[in-house]
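Input: a single structure, listed below in structure tokens.
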Amino acid sequence: MFDELSPEQRQAATHGDGPLLVLAGAGTGKTTTLAARVAHLLATGVPAERILLLTFSRRAAAEMLARAGQLARSAGADRVWGGTFHAVANRLLRLHGRAVGLPPDFTVLDQADAADVLDLIREELGFTSHVRRTPRKATLAAIYSRTVNTGERLETVIAQRFPWCRDDLEPIRAIVRAYTARKRASHLVDFDDLLLLWKALATDPSTRTELAGAFDHILVDEYQDTNAVQADILEGMRPPDGPRNLTVVGDDAQAIYGFRAATVRNILTFGERFPGARVIRLEHNRRSTRPIVEVANAVMAEARARLDKRLTSERDGARPTLLACDDERDQADAVCRSILEHRERGVALREQAVLFRTAHHVDLLEIELTRRSIPYVKYGGLRFLEAAHVKDALALLRICENPRDEVAWFRVLQLVEGVGPARARRLLDELGARGGAEGPVDLAALLLPDLPPRTAQGLRDLRGLLAACRSGALDVAAQLERIRDWLQPAIERRPGSVAARLADLDQLALLARASPSRTRFLDELTLDPPSSTSDLAGRPVLDEDWLVLSTIHSAKGLEWDVVHLIHLADGMFPSDLATGDEEEVEEERRLLYVAITRARHALHLYAPRRFHHRPRGRDDAHSLAQPSRFLTPAVRAVLEELAGDRSDGGECVPAITGVATIDDLLSELFG
DNA sequence: CACGCTTATATTTTT
DNA sequence: TATAAGCGTG
């Protein structure tokens, strides 16, 4: 059963009782090992439902469990509890939430929803300035989340990570305080609450025994990217008697979620926290060729602090290339040509990926790919759930689920003609859905007197819709079809493509067909939103070959034959927003390491020199960039440097429109 | 008070 | 492109 495993991998897979830390370098078969361990546990008779597998994404969990199922040749692998910390927390809280004071009809807020609640509160508290711009709602949400996850004081967080909000400290404090109270009153739970409540469940003396005994084995993937709260949860999940069977797998060199308060301390102090832990190292890379591994090692050799670990590989291959490009357009052109070249040589598009630091780095390339009819799918940062009309539809479902969901109400009520913020607030009060109100929510209150006739009719229609959706006679998909019809007039009133937005709602209804219940549908959508997009030009039928575009963060754990890594210019990668202190720069370096180690056979780096401020504009405003600071002489020594190829059009004379251009021209002249 | 309009302004990465 | 904030109209 384990023929394919190396001796170290086999040791990890068949480890008996007690804590186990597997330090697995990139490409050393981490997934295989974890899957094999699950298979081993199943084969030795551990009941599937008493195994908990925590991964970074639902996709990762599903993949591992499928492999474990094949290995163990037994049914039941699908009964293993698998998923992200947040998704598992949600499941556990639906079952045991009452014990920590959480009603079972709670709804989960994603980060955009949380920002909406904060915005609502800000307005109520009157924190809008007539002199100065106040922080954006997304910033408020980020500040709150960071404070919770690091456990640092608000002042500290703002001073260190959000210095431009320093002057708004007191308003922010008031807003986030009210936010917490409001969530409780409205039965709302945000991502951070999911972890905090799980921790409470796992450590509270009155509930912990029930929960702690629920699993015989807990396995955690990507342990380097867990935060302090998550570590506390794992510690709290100790069985009342018997050994602590906790397996964690991670790589300190791949820690890239510091911004989310993840800390490698969890790996470094694993032995102290869980005494008697066995440590197994996997250092042999089976994924990449030796030249690629050499580049990865060269990058990490310059890291400030790391556990001593050096990857090895035995497979030969070509040296990774570094191509200096003129500008982004030049880069897009070069990437396309290289992609097509590889495809000519038999590497399918889906075995190739373009990776980048920030979602917008790929904008220009997307245009070029479309122009050349190269199909692609983009991972990371999806617009679908962010579109207003999709949020409207989901808000309606959320009201059905949890009638106290104030933000959802606030959003939906304003879709009715003649209802703005002020009337929406009044209606909320009447409904008894306003934070802090007692008793059940009464839909009859929607029939307020003294409203303009059109508004009154609109509210009656809304009441009818909600009654129908809540009646229990319709499944989620059918509810969404009703909702679509109700939303149609509002959608038509707003500018933009009506057909496209209605199509989005159809898409949503289609998605809902797969869900057994409304609760599940909403939970899955917020906790595991569709992660790839191909928004423009409709959703293509992806039965053919397509290229993958992905942020490096979203590429974690994945691999491709050929990887193209773009924007290796200082200020882009590392992002100049992340070069404040040394720790941040180190995280950017690890990010580069992650990107490099995604490649199996070929790796191409691209470093544009010039960035147009408005790539689609007609002017020539631009700035110049140095190559990434990570491309040190030692790193370049293991790269094949290619000169920029300006085959199309010979010498180009820059248009003289700005100081930057003139300086550029002069520096060319003076050589 | 709703609503449509104008203007200035932007800090990444994700569960 | 989205968002915060302000203004004028009905």
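Residue numbering restarts at 1 in every chain; chains get A, B, ... in the order shown in the structure tokens, and ligands count up from 1 in that same order.
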
Original post:
Neighbours of range 2-8 of chain B within 8 Å (only C-alpha atoms (C1' of nucleotides); same-chain residues fewer than 3 positions away dropped), as a list of chain:residue names?
Top reply: A:Gly418, A:Val419, A:Gly420

**OP:** Tell me, as a list in words, which residues lie within 10 Å of DA4 in chain C, counting only C-alpha atoms (C1' of nucleotides); anything in the same chain fewer than 6 positions away does not count.
**Re:**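 Returned residues: Thr128, Ser129, Arg133, Thr134, Pro135, Arg136 and Lys137 of chain A; DA8 and DT9 of chain B.
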
Sorted per-residue table, chain A near chain B, closest atoms and distance, 9 Å, only C-alpha atoms (C1' of nucleotides), as JSON lines:
```
{"residue": "A:Phe56", "atom": "CA", "partner": "B:DT15", "partner_atom": "C1'", "distance": 8.4}
{"residue": "A:Ser57", "atom": "CA", "partner": "B:DT15", "partner_atom": "C1'", "distance": 8.5}
{"residue": "A:Thr84", "atom": "CA", "partner": "B:DT15", "partner_atom": "C1'", "distance": 7.8}
{"residue": "A:Phe85", "atom": "CA", "partner": "B:DT15", "partner_atom": "C1'", "distance": 8.2}
{"residue": "A:His86", "atom": "CA", "partner": "B:DT15", "partner_atom": "C1'", "distance": 6.5}
{"residue": "A:Ala87", "atom": "CA", "partner": "B:DT15", "partner_atom": "C1'", "distance": 8.7}
{"residue": "A:Asp110", "atom": "CA", "partner": "B:DT15", "partner_atom": "C1'", "distance": 8.7}
{"residue": "A:Phe191", "atom": "CA", "partner": "B:DT15", "partner_atom": "C1'", "distance": 6.8}
{"residue": "A:Asp192", "atom": "CA", "partner": "B:DT15", "partner_atom": "C1'", "distance": 8.8}
{"residue": "A:Ile256", "atom": "CA", "partner": "B:DT13", "partner_atom": "C1'", "distance": 8.4}
{"residue": "A:Tyr257", "atom": "CA", "partner": "B:DT13", "partner_atom": "C1'", "distance": 7.7}
{"residue": "A:Phe259", "atom": "CA", "partner": "B:DT13", "partner_atom": "C1'", "distance": 7.7}
{"residue": "A:Arg260", "atom": "CA", "partner": "B:DT14", "partner_atom": "C1'", "distance": 7.9}
{"residue": "A:Arg357", "atom": "CA", "partner": "B:DT13", "partner_atom": "C1'", "distance": 7.5}
{"residue": "A:Thr358", "atom": "CA", "partner": "B:DT12", "partner_atom": "C1'", "distance": 6.0}
{"residue": "A:Ala359", "atom": "CA", "partner": "B:DT12", "partner_atom": "C1'", "distance": 8.5}
{"residue": "A:Gly380", "atom": "CA", "partner": "B:DT14", "partner_atom": "C1'", "distance": 8.5}
{"residue": "A:Gly381", "atom": "CA", "partner": "B:DT14", "partner_atom": "C1'", "distance": 8.5}
{"residue": "A:Glu417", "atom": "CA", "partner": "B:DA2", "partner_atom": "C1'", "distance": 8.8}
{"residue": "A:Gly418", "atom": "CA", "partner": "B:DA2", "partner_atom": "C1'", "distance": 6.1}
{"residue": "A:Val419", "atom": "CA", "partner": "B:DA2", "partner_atom": "C1'", "distance": 6.9}
{"residue": "A:Gly420", "atom": "CA", "partner": "B:DA2", "partner_atom": "C1'", "distance": 5.8}
{"residue": "A:Pro421", "atom": "CA", "partner": "B:DA2", "partner_atom": "C1'", "distance": 8.7}
{"residue": "A:Ala422", "atom": "CA", "partner": "B:DC1", "partner_atom": "C1'", "distance": 7.3}
{"residue": "A:Arg423", "atom": "CA", "partner": "B:DC1", "partner_atom": "C1'", "distance": 8.2}
{"residue": "A:Leu527", "atom": "CA", "partner": "B:DT15", "partner_atom": "C1'", "distance": 7.0}
{"residue": "A:Asp528", "atom": "CA", "partner": "B:DT15", "partner_atom": "C1'", "distance": 8.3}
{"residue": "A:Thr551", "atom": "CA", "partner": "B:DT13", "partner_atom": "C1'", "distance": 8.0}
{"residue": "A:Ile552", "atom": "CA", "partner": "B:DT13", "partner_atom": "C1'", "distance": 8.2}
{"residue": "A:His553", "atom": "CA", "partner": "B:DT13", "partner_atom": "C1'", "distance": 6.3}
{"residue": "A:Ser554", "atom": "CA", "partner": "B:DT14", "partner_atom": "C1'", "distance": 8.4}
{"residue": "A:Ser575", "atom": "CA", "partner": "B:DT12", "partner_atom": "C1'", "distance": 7.4}
{"residue": "A:Leu577", "atom": "CA", "partner": "B:DT11", "partner_atom": "C1'", "distance": 6.3}
{"residue": "A:Ala578", "atom": "CA", "partner": "B:DT12", "partner_atom": "C1'", "distance": 7.9}
```

Would you export the selected residues with C-alpha atoms as a compact mmCIF listing (two decimals), in the first residue's frame, please?
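part.txt written:
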```
# COMPACT_ATOMS: atom_id res chain seq x y z
CA PHE A 56 -6.19 25.39 4.01
CA SER A 57 -8.97 25.05 1.50
CA THR A 84 -10.77 24.57 6.75
CA PHE A 85 -10.67 25.68 10.36
CA HIS A 86 -13.48 28.09 9.58
CA ALA A 87 -15.71 25.55 7.86
CA ASP A 110 -17.74 37.27 5.10
CA PHE A 191 -14.80 34.74 10.33
CA ASP A 192 -12.88 35.69 13.44
CA ILE A 256 3.01 33.62 3.80
CA TYR A 257 -0.01 34.57 5.86
CA PHE A 259 -0.86 39.57 7.41
CA ARG A 260 -3.60 37.32 8.69
CA ARG A 357 2.01 39.05 -6.33
CA THR A 358 -1.12 41.15 -6.69
CA ALA A 359 -4.28 40.56 -8.68
CA GLY A 380 -7.84 34.70 -6.37
CA GLY A 381 -10.02 37.70 -5.77
CA GLU A 417 -38.57 52.35 -4.45
CA GLY A 418 -38.96 55.21 -2.03
CA VAL A 419 -36.97 53.62 0.77
CA GLY A 420 -33.61 55.11 1.65
CA PRO A 421 -31.42 54.89 4.73
CA ALA A 422 -33.81 56.78 7.00
CA ARG A 423 -36.94 54.83 6.18
CA LEU A 527 -16.91 29.89 3.70
CA ASP A 528 -15.83 28.49 0.36
CA THR A 551 -1.99 35.03 -7.14
CA ILE A 552 0.84 33.30 -5.37
CA HIS A 553 -1.27 33.06 -2.23
CA SER A 554 -3.95 31.15 -4.09
CA SER A 575 5.24 45.00 -2.95
CA LEU A 577 3.36 48.22 0.67
CA ALA A 578 5.10 45.36 2.37
```

**OP:** Kindly determine which residues of chain C lie within 10 Å of chain A, considering only C-alpha atoms (C1' of nucleotides), and give the answer as number ranges by chain.
**Re:** C: 3-6

Original post:
Running DSSP on the backbone, which parts of range 343-510 of chain A land in strand (DSSP E), as an MDAnalysis selection string?
Top reply: chainID A and resid 352:356 376:379

**OP:** Skip Leu197 in chain A itself and residues of its chain fewer than 4 positions away, then list as an MDAnalysis selection string all residues within 10 Å of it, counting only C-alpha atoms (C1' of nucleotides).
**Re:** chainID A and resid 89:90 92:93 97 100:102 189 192:193 201:203 233

Write the selection just made, keeping N, CA and C atoms, as a compact mmCIF listing (two decimals), in the first residue's frame?
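And here is the file that came out, again.txt:
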```txt
# COMPACT_ATOMS: atom_id res chain seq x y z
N ALA A 89 -15.32 24.90 12.13
CA ALA A 89 -15.89 25.67 13.24
C ALA A 89 -17.38 25.89 13.02
N ASN A 90 -17.73 26.23 11.81
CA ASN A 90 -19.13 26.47 11.49
C ASN A 90 -19.97 25.22 11.76
N LEU A 92 -19.29 22.67 13.71
CA LEU A 92 -19.36 22.38 15.14
C LEU A 92 -20.30 23.33 15.87
N LEU A 93 -20.28 24.59 15.45
CA LEU A 93 -21.12 25.57 16.13
C LEU A 93 -22.60 25.38 15.80
N GLY A 97 -23.32 25.12 19.29
CA GLY A 97 -23.21 26.56 19.56
C GLY A 97 -23.97 27.03 20.80
N VAL A 100 -22.25 27.73 24.07
CA VAL A 100 -21.51 28.97 24.31
C VAL A 100 -22.39 30.18 24.05
N GLY A 101 -23.68 29.97 24.04
CA GLY A 101 -24.60 31.10 23.94
C GLY A 101 -24.88 31.57 22.53
N LEU A 102 -24.64 30.71 21.57
CA LEU A 102 -24.87 31.11 20.18
C LEU A 102 -26.14 30.42 19.66
N VAL A 189 -22.16 36.22 12.94
CA VAL A 189 -20.87 35.67 13.31
C VAL A 189 -19.90 35.95 12.17
N ASP A 192 -13.68 35.74 12.21
CA ASP A 192 -12.88 35.69 13.44
C ASP A 192 -13.67 35.06 14.58
N ASP A 193 -14.97 35.39 14.64
CA ASP A 193 -15.82 34.79 15.67
C ASP A 193 -15.84 33.27 15.57
N LEU A 201 -15.55 26.91 22.84
CA LEU A 201 -16.19 25.60 22.94
C LEU A 201 -15.18 24.54 23.39
N ALA A 202 -13.95 24.67 22.90
CA ALA A 202 -12.94 23.65 23.17
C ALA A 202 -12.27 23.83 24.52
N THR A 203 -12.40 25.02 25.11
CA THR A 203 -11.68 25.25 26.36
C THR A 203 -12.62 25.48 27.55
N ILE A 233 -6.95 26.35 19.82
CA ILE A 233 -8.03 25.39 19.55
C ILE A 233 -7.48 23.97 19.58
```

Subject >> One-decimal distance in Å that lies between CA of Thr269 in chain A and CA of Leu154 in chain A >> reply: 26.2 Å

Original post:
Excluding same-chain residues fewer than 5 positions from range 487-495 of chain A, what lies within 9 Å of it counting only C-alpha atoms (C1' of nucleotides), as a ChimeraX atom specification?
Top reply: /A:389,392-393,415-417,482,501-502

**OP:** Check the DSSP output for the backbone and give back, as a PyMOL selection string, the residues of range 389-545 of chain A in helix (DSSP H, G or I).
**Re:** chain A and resi 389-401+406-413+421-431+443-446+453-470+476-493+498-512+518-527

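In terms of minimum interatomic distance to Asp327 in chain A, A:His567 ranks closest within A:His567, A:Arg177, A:Arg600, A:Arg513, counting only C-alpha atoms.
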